[in-house]
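Before any comments, here is the structure.
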Number of protein chains: 2
Amino acid sequence: MSTKDNILKVSLKYFLTQGYDHTTLSQIADEIGIKKSSIYYYYKSKEDLLLKGIELIINELKNTLTKVSDPSKSTKEQLENFFEGILDFNSNLSVLIGNDFNEAINIETIFQMAATRFEYISKTINEYYDYLIEEIEKILKIGQARGELKPSLDYKTTAIEILSRIEGLIVISSIYKKINLSSIRGILYANLWMSISKQNQNKKKSNYKTIDLSRKW
Amino acid sequence: MSTKDNILKVSLKYFLTQGYDHTTLSQIADEIGIKKSSIYYYYKSKEDLLLKGIELIINELKNTLTKVSDPSKSTKEQLENFFEGILDFNSNLSVLIGNDFNEAINIETIFQMAATRFEYISKTINEYYDYLIEEIEKILKIGQARGELKPSLDYKTTAIEILSRIEGLIVISSIYKKINLSSIRGILYANLWMSISKQNQNKKKSNYKTIDLSRKW
DNA sequence: GTCTATACAAGGATAGAC
DNA sequence: GTCTATCCTTGTATAGAC
């Protein structure tokens, strides 16, 4: 890996785990084995490092979601891939950073900080959320047209609900260590699907029950 | 308000909106109209201010939830009061801080930072989440015994799901400004209740439909 | 491309006067 | 209880040698 990429990766690691302000350039340089002044050869400021880091995260996540997106699949599968895609991305980020897989990294924190403090980054982040909401809405619209979802569903509201359920899961599991993300994500998606799908009541209910009780958290 | 309380309130305001590290004692002192050295007469360090601020938030939230808690009410109402209680608390915090009501303040961010950086605060915060989960579980257990909830429900998993749905809503609405919390919270609670209650399918379904379409976000 | 040296500012914290 | 003065450390950033 090039020094430039390495600097960015290590910066991101500390920004995400310790916060932007608490991270110092010396810390980053030390870990790589260079002097902090060398960072300025590649990046014009600490703020620049933050922006590049956020852009990296967003692009990586979009790539991940594009990769798993497949409109030919059933709505259930598409949504599941989306749901799992975001969670996996968080877990992978955790690995990139040197933590456990299955330990979620909370990217919302750095997004919020950057958005409130740097006007021009705020734009990037809002577009990111627009993108996520739109992707979910797209899946829901098609699913509803195909009759796979409840006809009464308002897909705007539902998209927000789905996104907030995913984000909530990440946030909670990153703070409250007693929750094991990997062991509950399956059932939580099952519950989500149950609540929006035009289910065959009898069949699905028994299915749900099985999943529910077979899992431990 | 006493100078001591005022310092704490203003500190909290900045810790929550700008982050702990980005907040300076001069900033706090300036807003109150004192010198920063005077802060040390009341608090022994900036870290002390953080701890006291977090304790204040947690106690206030517990008070709010205790106030609305009433086991004699129906499970639906109890859960709704809990759900709304947390959201209202966030909105009230926003007001305390000088922002709009209906603009959620993300207390998770400061909790996470404090928990990862200061071991002894981590304990306080974990107890707080224990408390929240227990409260929800209590309501669910009674509700299930009374036959108001789906018999297949695993209340441990469900409690986590409920909490993560609430937190997710707060986080999303605090970052993504296009979401208006006040206009969607009602329907999101209705959806939540729908998914866990032992519903009379026909009756509830039409009810749900009405709520769903009458609301705009 | 990486280093040493250094400028400059700001933050937390303490001492002691009033 | 609040202030002034000051200490000490650390952070970002730049200049310029190699």
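If you're wondering about the labels, chains in the structure tokens are A, B, ... by order shown, residues count from 1 in each chain, ligands from 1 in order shown.
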### Task
Give me, as a ChimeraX atom specification, the contact residues of chain C against chain B at a cut-off of 10 Å, counting only C-alpha atoms (C1' of nucleotides).
/C:10-14
### Selection near Ile172 in chain A, 9 Å with only C-alpha atoms (C1' of nucleotides), sequence-local residues under 2 positions removed, as number ranges by chain
A: 167-170, 174-177, 179; B: 108, 160, 163-164, 167-168
### Query
What is the CA of Thr116 in chain A-CA of Leu12 in chain B distance in Å, reported with one decimal?
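For CA of Thr116 in chain A relative to CA of Leu12 in chain B, the distance reads 16.7 Å.
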### Check: which chain D residues lie within 10 Å of chain A using only C-alpha atoms (C1' of nucleotides), as a ChimeraX atom specification
/D:10-14
Could you turn the residues from that selection into a file that holds C-alpha atoms (C1' of nucleotides), as a PDB file, in the first residue's frame?
```pdb
ATOM      1  C1'  DT D  10       0.470  19.850  22.622  1.00  0.00           C
ATOM      2  C1'  DG D  11      -1.447  20.626  18.248  1.00  0.00           C
ATOM      3  C1'  DT D  12      -1.352  22.227  13.363  1.00  0.00           C
ATOM      4  C1'  DA D  13       1.374  23.901  10.026  1.00  0.00           C
ATOM      5  C1'  DT D  14       5.537  25.766   7.327  1.00  0.00           C
TER       6       DT D  14
END
```
### Message
Select, as a count of residues only, those residues of chain B with any atom no more than 9 Å from chain A (distances computed using only C-alpha atoms).
### Response
57
#### Entry: Spatial neighbours of Ile142 in chain B, 10 Å, only C-alpha atoms (C1' of nucleotides), chain gap at least 6 places, as a list in words
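Everything that qualifies: Pro71, Ser74, Thr75, Glu148 and Leu149 of chain B.
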### Message
Between CA of Val68 in chain A and CA of Gly143 in chain A, what is the distance in Å, rounded to a tenth?
### Response
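CA of Val68 in chain A sits 16.9 Å away from CA of Gly143 in chain A.
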#### Entry: C1' of DT2 in chain C to CA of Ile7 in chain A, straight-line distance in Å
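CA of Ile7 in chain A sits 14.1 Å away from C1' of DT2 in chain C.
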